[in-house]
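So the structure is just underneath, and the comments pick up after that.
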Amino acid sequence: MPEGPEIRIAADKIAKIIEGKVIEDIEVGLPRLLEPSQKLKGIKVEKVETRGKAMLIHFANGFTIYSHNQLYGVWKTAKRGHLPKTNRSLRLALHTKQKSALLYSASDIAVYDQSELVQHPFLSKIGPDILNSELGWEVVAERLQHSRFCNRGLSALYLDQHFIAGIGNYLRTEILFAAGVHPDFKPKQLDSKKIESLARQTLIIGKRAYDTKGHTLLPTLSDKLAKTKGSYESIRFMAFNREGLPCRHCVQPIVKAKRNGRRIYWCESCQPTVSLGIKV
């Protein structure tokens, strides 16, 4: 599933071709969108934004397209009249005079009056967006210590959109690795220094993934590996998808396991089950 950084990158791409432009025509691949989509023809797009893994396209007449890519959805852009070759099902096409923004395979798409968004069943319950420029590490630290979240295992908490929106499976692994915290600990078991480290790394790794289009390597290591002929995946992560490979810090083999039905990776040396910063 695309995570917050990937959705924000897609939103940036979509915004470049439709923000401030009039949508001259709309195609929909879901019957329930036929009637509401008519409200958007001939209307200017004011803004494209993301909240966690959801994308919102706001129109000048007060309506908004909400979409969530879920597992298989993907946005593409094209010159109008030149659709990309794909076997995917076209779910939504927004055509300006010259360009097209195209959403394939997704099914969680709807048109809302903007006043209704505060009551949206997903948007009304999610936590702050990991890429929100106004989100400070102090707020993340407070949430980690809040009674609602502090007694939950980090492996589960870091997939919960109510905690921080936009974090998914690879970010979960990479954040915990960067903070040196084992995924089986609960926030209440961490001392103040570990809480601060985890909160800071949550934002650092999220922003790095956005800035680098999905890479979470330390910048110095990324520059070094970029000169090699390694595959995209081999030079992308610090720990995720690296089972059995040496830790990039200590060369101990990376471990893979399942937590909350999803694969997760860690280094038993860098993220021990007993370490400094853990309350006994």
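Letters for chains follow the order of the structure tokens (A, B, ...), residue numbers begin at 1 for each chain, and ligand numbers begin at 1 in the order shown.
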
Can you list, as number ranges by chain, every residue of segment 22-134 of chain A that DSSP puts in strand (DSSP E or B)? A: 22-23, 25-28, 43-51, 54-59, 63-68, 74-79, 90-95, 99-104, 108-113, 129

Selection: 12 Å around segment 75-81 of chain A, only C-alpha atoms, excl. self and same-chain fewer than 4 positions, as a PyMOL selection string: chain A and resi 2+6-18+23-26+55+67-70+85-86+88-106

Skip Thr212 of chain A itself and residues of its chain fewer than 5 positions away, then list as a list in words all residues within 10 Å of it, counting only C-alpha atoms.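 Final neighbour list, sorted by chain and number: Pro5, Ile9, Lys207, Leu217, Pro219, Ser222 and Arg236 of chain A.
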
Tell me, in Å to one decimal, how far atom CA of Ile254 of chain A is from atom CA of Gly206 of chain A.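 Atom CA of Gly206 of chain A lies 21.4 Å from atom CA of Ile254 of chain A.
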
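If you measure from each of A:Leu34, A:Ile175, A:Ile130, A:Leu117 to Ile264 of chain A using only C-alpha atoms, the closest one turns out to be A:Ile175.
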
Apply DSSP to the backbone of this structure and, from segment 150-253 of chain A, keep only the residues in alpha helix (DSSP H); write these as a count of residues only. 42

Measuring atom to atom with only C-alpha atoms, identify which of A:Arg242, A:Arg143, A:Arg51, A:His249 is nearest to Leu198 of chain A. A:Arg143

Let me make sure I understand: among A:Ala110, A:Leu83, A:Ile235, A:Leu123, which one has the smallest atom-to-atom distance to Gly52 of chain A if we use only C-alpha atoms? A:Leu123

When you count only C-alpha atoms, which of these residues is closest to Tyr66 of chain A: A:Ala54, A:Leu225, A:Leu40, A:Leu171?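 Answer, going by the shortest atom-to-atom distance: A:Ala54.
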
Tell me, as an NGL selection string, which residues lie within 9 Å of Met238 of chain A, counting only C-alpha atoms; anything in the same chain fewer than 5 positions away does not count. :A and (173-174 or 177-178 or 215-218 or 247-249)

For Gly136 of chain A, work out the shell of residues within 12 Å, counting only C-alpha atoms and skipping chain neighbours fewer than 2 positions away, then give it as a PDB file with all heavy atoms, in the first residue's frame.
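Saved as around_13.pdb:
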```
ATOM      1  N   PRO A 128      -2.454  13.455  13.365  1.00  0.00           N
ATOM      2  CA  PRO A 128      -1.761  14.448  12.530  1.00  0.00           C
ATOM      3  C   PRO A 128      -0.972  13.783  11.410  1.00  0.00           C
ATOM      4  O   PRO A 128      -0.465  12.673  11.561  1.00  0.00           O
ATOM      5  CB  PRO A 128      -0.843  15.165  13.530  1.00  0.00           C
ATOM      6  CG  PRO A 128      -0.694  14.218  14.675  1.00  0.00           C
ATOM      7  CD  PRO A 128      -1.981  13.467  14.752  1.00  0.00           C
ATOM      8  N   ASP A 129      -0.885  14.465  10.288  1.00  0.00           N
ATOM      9  CA  ASP A 129      -0.172  13.953   9.120  1.00  0.00           C
ATOM     10  C   ASP A 129       1.334  13.970   9.384  1.00  0.00           C
ATOM     11  O   ASP A 129       1.884  14.985   9.827  1.00  0.00           O
ATOM     12  CB  ASP A 129      -0.510  14.827   7.909  1.00  0.00           C
ATOM     13  CG  ASP A 129      -0.037  14.253   6.594  1.00  0.00           C
ATOM     14  OD1 ASP A 129       1.134  13.823   6.531  1.00  0.00           O
ATOM     15  OD2 ASP A 129      -0.820  14.213   5.641  1.00  0.00           O
ATOM     16  N   ILE A 130       1.999  12.863   9.100  1.00  0.00           N
ATOM     17  CA  ILE A 130       3.437  12.761   9.330  1.00  0.00           C
ATOM     18  C   ILE A 130       4.220  13.813   8.557  1.00  0.00           C
ATOM     19  O   ILE A 130       5.310  14.212   8.964  1.00  0.00           O
ATOM     20  CB  ILE A 130       3.949  11.340   8.974  1.00  0.00           C
ATOM     21  CG1 ILE A 130       5.394  11.160   9.434  1.00  0.00           C
ATOM     22  CG2 ILE A 130       3.791  11.054   7.487  1.00  0.00           C
ATOM     23  CD1 ILE A 130       5.921   9.761   9.254  1.00  0.00           C
ATOM     24  N   LEU A 131       3.656  14.321   7.448  1.00  0.00           N
ATOM     25  CA  LEU A 131       4.357  15.306   6.627  1.00  0.00           C
ATOM     26  C   LEU A 131       3.880  16.741   6.875  1.00  0.00           C
ATOM     27  O   LEU A 131       4.287  17.656   6.158  1.00  0.00           O
ATOM     28  CB  LEU A 131       4.196  14.960   5.147  1.00  0.00           C
ATOM     29  CG  LEU A 131       4.868  13.656   4.709  1.00  0.00           C
ATOM     30  CD1 LEU A 131       4.558  13.363   3.250  1.00  0.00           C
ATOM     31  CD2 LEU A 131       6.367  13.691   4.944  1.00  0.00           C
ATOM     32  N   ASN A 132       3.043  16.923   7.883  1.00  0.00           N
ATOM     33  CA  ASN A 132       2.579  18.266   8.212  1.00  0.00           C
ATOM     34  C   ASN A 132       3.770  19.104   8.684  1.00  0.00           C
ATOM     35  O   ASN A 132       4.423  18.768   9.673  1.00  0.00           O
ATOM     36  CB  ASN A 132       1.512  18.190   9.305  1.00  0.00           C
ATOM     37  CG  ASN A 132       0.868  19.543   9.592  1.00  0.00           C
ATOM     38  OD1 ASN A 132       1.474  20.598   9.404  1.00  0.00           O
ATOM     39  ND2 ASN A 132      -0.358  19.517  10.047  1.00  0.00           N
ATOM     40  N   SER A 133       4.055  20.184   7.967  1.00  0.00           N
ATOM     41  CA  SER A 133       5.232  21.001   8.281  1.00  0.00           C
ATOM     42  C   SER A 133       5.137  21.648   9.659  1.00  0.00           C
ATOM     43  O   SER A 133       6.155  22.077  10.224  1.00  0.00           O
ATOM     44  CB  SER A 133       5.417  22.088   7.209  1.00  0.00           C
ATOM     45  OG  SER A 133       4.277  22.935   7.159  1.00  0.00           O
ATOM     46  N   GLU A 134       3.936  21.737  10.212  1.00  0.00           N
ATOM     47  CA  GLU A 134       3.755  22.353  11.520  1.00  0.00           C
ATOM     48  C   GLU A 134       3.779  21.328  12.660  1.00  0.00           C
ATOM     49  O   GLU A 134       3.659  21.696  13.827  1.00  0.00           O
ATOM     50  CB  GLU A 134       2.436  23.128  11.547  1.00  0.00           C
ATOM     51  CG  GLU A 134       2.406  24.286  10.558  1.00  0.00           C
ATOM     52  CD  GLU A 134       1.095  25.058  10.605  1.00  0.00           C
ATOM     53  OE1 GLU A 134       0.216  24.692  11.422  1.00  0.00           O
ATOM     54  OE2 GLU A 134       0.968  26.033   9.845  1.00  0.00           O
ATOM     55  N   GLU A 138       7.714  17.313  19.527  1.00  0.00           N
ATOM     56  CA  GLU A 138       7.106  17.367  20.853  1.00  0.00           C
ATOM     57  C   GLU A 138       5.687  16.832  20.845  1.00  0.00           C
ATOM     58  O   GLU A 138       5.250  16.161  21.797  1.00  0.00           O
ATOM     59  CB  GLU A 138       7.118  18.815  21.388  1.00  0.00           C
ATOM     60  CG  GLU A 138       8.488  19.407  21.577  1.00  0.00           C
ATOM     61  CD  GLU A 138       9.008  20.118  20.335  1.00  0.00           C
ATOM     62  OE1 GLU A 138       8.398  19.967  19.255  1.00  0.00           O
ATOM     63  OE2 GLU A 138      10.018  20.836  20.440  1.00  0.00           O
ATOM     64  N   VAL A 139       4.941  17.123  19.773  1.00  0.00           N
ATOM     65  CA  VAL A 139       3.569  16.620  19.666  1.00  0.00           C
ATOM     66  C   VAL A 139       3.571  15.100  19.516  1.00  0.00           C
ATOM     67  O   VAL A 139       2.759  14.398  20.126  1.00  0.00           O
ATOM     68  CB  VAL A 139       2.833  17.275  18.472  1.00  0.00           C
ATOM     69  CG1 VAL A 139       1.457  16.643  18.264  1.00  0.00           C
ATOM     70  CG2 VAL A 139       2.703  18.778  18.706  1.00  0.00           C
ATOM     71  N   VAL A 140       4.492  14.584  18.716  1.00  0.00           N
ATOM     72  CA  VAL A 140       4.608  13.128  18.558  1.00  0.00           C
ATOM     73  C   VAL A 140       4.949  12.491  19.895  1.00  0.00           C
ATOM     74  O   VAL A 140       4.381  11.454  20.274  1.00  0.00           O
ATOM     75  CB  VAL A 140       5.664  12.770  17.497  1.00  0.00           C
ATOM     76  CG1 VAL A 140       5.752  11.248  17.337  1.00  0.00           C
ATOM     77  CG2 VAL A 140       5.335  13.426  16.163  1.00  0.00           C
ATOM     78  N   ALA A 141       5.867  13.097  20.640  1.00  0.00           N
ATOM     79  CA  ALA A 141       6.249  12.572  21.949  1.00  0.00           C
ATOM     80  C   ALA A 141       5.055  12.562  22.900  1.00  0.00           C
ATOM     81  O   ALA A 141       4.850  11.605  23.663  1.00  0.00           O
ATOM     82  CB  ALA A 141       7.390  13.399  22.537  1.00  0.00           C
ATOM     83  N   GLU A 142       4.265  13.623  22.868  1.00  0.00           N
ATOM     84  CA  GLU A 142       3.073  13.687  23.716  1.00  0.00           C
ATOM     85  C   GLU A 142       2.088  12.574  23.370  1.00  0.00           C
ATOM     86  O   GLU A 142       1.490  11.964  24.260  1.00  0.00           O
ATOM     87  CB  GLU A 142       2.397  15.053  23.558  1.00  0.00           C
ATOM     88  CG  GLU A 142       3.141  16.200  24.219  1.00  0.00           C
ATOM     89  CD  GLU A 142       2.484  17.542  23.951  1.00  0.00           C
ATOM     90  OE1 GLU A 142       1.375  17.548  23.360  1.00  0.00           O
ATOM     91  OE2 GLU A 142       3.070  18.576  24.319  1.00  0.00           O
ATOM     92  N   ARG A 143       1.935  12.322  22.083  1.00  0.00           N
ATOM     93  CA  ARG A 143       1.008  11.275  21.662  1.00  0.00           C
ATOM     94  C   ARG A 143       1.518   9.891  22.074  1.00  0.00           C
ATOM     95  O   ARG A 143       0.735   9.019  22.451  1.00  0.00           O
ATOM     96  CB  ARG A 143       0.769  11.345  20.146  1.00  0.00           C
ATOM     97  CG  ARG A 143       0.050  12.613  19.711  1.00  0.00           C
ATOM     98  CD  ARG A 143      -0.208  12.665  18.226  1.00  0.00           C
ATOM     99  NE  ARG A 143      -1.268  11.766  17.804  1.00  0.00           N
ATOM    100  CZ  ARG A 143      -2.568  11.992  17.943  1.00  0.00           C
ATOM    101  NH1 ARG A 143      -2.992  13.093  18.546  1.00  0.00           N
ATOM    102  NH2 ARG A 143      -3.457  11.123  17.498  1.00  0.00           N
ATOM    103  N   GLU A 196      11.948  10.810  23.049  1.00  0.00           N
ATOM    104  CA  GLU A 196      12.349  11.940  22.208  1.00  0.00           C
ATOM    105  C   GLU A 196      12.993  11.449  20.915  1.00  0.00           C
ATOM    106  O   GLU A 196      12.697  11.956  19.826  1.00  0.00           O
ATOM    107  CB  GLU A 196      13.315  12.857  22.944  1.00  0.00           C
ATOM    108  CG  GLU A 196      13.780  14.020  22.073  1.00  0.00           C
ATOM    109  CD  GLU A 196      14.693  14.998  22.794  1.00  0.00           C
ATOM    110  OE1 GLU A 196      14.680  15.021  24.040  1.00  0.00           O
ATOM    111  OE2 GLU A 196      15.423  15.752  22.104  1.00  0.00           O
ATOM    112  N   ALA A 199      10.310  10.049  18.647  1.00  0.00           N
ATOM    113  CA  ALA A 199       9.478  11.117  18.096  1.00  0.00           C
ATOM    114  C   ALA A 199      10.211  11.885  16.997  1.00  0.00           C
ATOM    115  O   ALA A 199       9.645  12.187  15.938  1.00  0.00           O
ATOM    116  CB  ALA A 199       9.058  12.078  19.216  1.00  0.00           C
ATOM    117  N   ARG A 200      11.474  12.193  17.245  1.00  0.00           N
ATOM    118  CA  ARG A 200      12.262  12.917  16.246  1.00  0.00           C
ATOM    119  C   ARG A 200      12.446  12.086  14.980  1.00  0.00           C
ATOM    120  O   ARG A 200      12.295  12.587  13.860  1.00  0.00           O
ATOM    121  CB  ARG A 200      13.629  13.307  16.823  1.00  0.00           C
ATOM    122  CG  ARG A 200      13.579  14.438  17.847  1.00  0.00           C
ATOM    123  CD  ARG A 200      14.980  14.809  18.304  1.00  0.00           C
ATOM    124  NE  ARG A 200      15.011  15.871  19.289  1.00  0.00           N
ATOM    125  CZ  ARG A 200      14.980  17.177  19.001  1.00  0.00           C
ATOM    126  NH1 ARG A 200      14.921  17.564  17.733  1.00  0.00           N
ATOM    127  NH2 ARG A 200      15.018  18.078  19.949  1.00  0.00           N
ATOM    128  N   GLN A 201      12.784  10.808  15.148  1.00  0.00           N
ATOM    129  CA  GLN A 201      13.016   9.954  13.982  1.00  0.00           C
ATOM    130  C   GLN A 201      11.735   9.715  13.185  1.00  0.00           C
ATOM    131  O   GLN A 201      11.790   9.521  11.963  1.00  0.00           O
ATOM    132  CB  GLN A 201      13.625   8.620  14.421  1.00  0.00           C
ATOM    133  CG  GLN A 201      15.049   8.720  14.934  1.00  0.00           C
ATOM    134  CD  GLN A 201      16.009   9.272  13.879  1.00  0.00           C
ATOM    135  OE1 GLN A 201      15.814   9.102  12.674  1.00  0.00           O
ATOM    136  NE2 GLN A 201      17.054   9.945  14.345  1.00  0.00           N
ATOM    137  N   THR A 202      10.599   9.738  13.850  1.00  0.00           N
ATOM    138  CA  THR A 202       9.320   9.598  13.142  1.00  0.00           C
ATOM    139  C   THR A 202       9.193  10.669  12.067  1.00  0.00           C
ATOM    140  O   THR A 202       8.840  10.380  10.912  1.00  0.00           O
ATOM    141  CB  THR A 202       8.144   9.697  14.135  1.00  0.00           C
ATOM    142  OG1 THR A 202       8.233   8.620  15.078  1.00  0.00           O
ATOM    143  CG2 THR A 202       6.803   9.632  13.412  1.00  0.00           C
ATOM    144  N   LEU A 203       9.510  11.899  12.423  1.00  0.00           N
ATOM    145  CA  LEU A 203       9.398  13.002  11.472  1.00  0.00           C
ATOM    146  C   LEU A 203      10.563  13.034  10.489  1.00  0.00           C
ATOM    147  O   LEU A 203      10.379  13.320   9.303  1.00  0.00           O
ATOM    148  CB  LEU A 203       9.300  14.329  12.233  1.00  0.00           C
ATOM    149  CG  LEU A 203       8.127  14.450  13.199  1.00  0.00           C
ATOM    150  CD1 LEU A 203       8.105  15.836  13.839  1.00  0.00           C
ATOM    151  CD2 LEU A 203       6.804  14.175  12.496  1.00  0.00           C
ATOM    152  N   ILE A 204      11.746  12.728  10.965  1.00  0.00           N
ATOM    153  CA  ILE A 204      12.928  12.738  10.091  1.00  0.00           C
ATOM    154  C   ILE A 204      12.786  11.713   8.973  1.00  0.00           C
ATOM    155  O   ILE A 204      13.011  12.011   7.792  1.00  0.00           O
ATOM    156  CB  ILE A 204      14.204  12.466  10.900  1.00  0.00           C
ATOM    157  CG1 ILE A 204      14.537  13.675  11.783  1.00  0.00           C
ATOM    158  CG2 ILE A 204      15.388  12.155   9.976  1.00  0.00           C
ATOM    159  CD1 ILE A 204      15.653  13.410  12.784  1.00  0.00           C
TER     160      ILE A 204
END
```

Between atom CA of Thr50 of chain A and atom CA of Ser155 of chain A, what is the distance in Å, rounded to a tenth?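 Those two atoms sit 24.1 Å apart.
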
Name the residues in contact with Val255 of chain A at a cut-off of 12 Å, using only C-alpha atoms, excluding same-chain residues fewer than 3 positions from it; report them as a list of chain:residue names.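 Returned residues: A:Thr173, A:Phe177, A:His182, A:Pro183, A:Ala239, A:Phe240, A:Asn241, A:Arg242, A:Glu243, A:Gly244, A:Leu245, A:Pro246, A:Cys247, A:Val251, A:Gln252, A:Lys258, A:Arg263, A:Ile264, A:Tyr265, A:Trp266, A:Cys267, A:Glu268, A:Ser269, A:Cys270, A:Gln271, A:Pro272.
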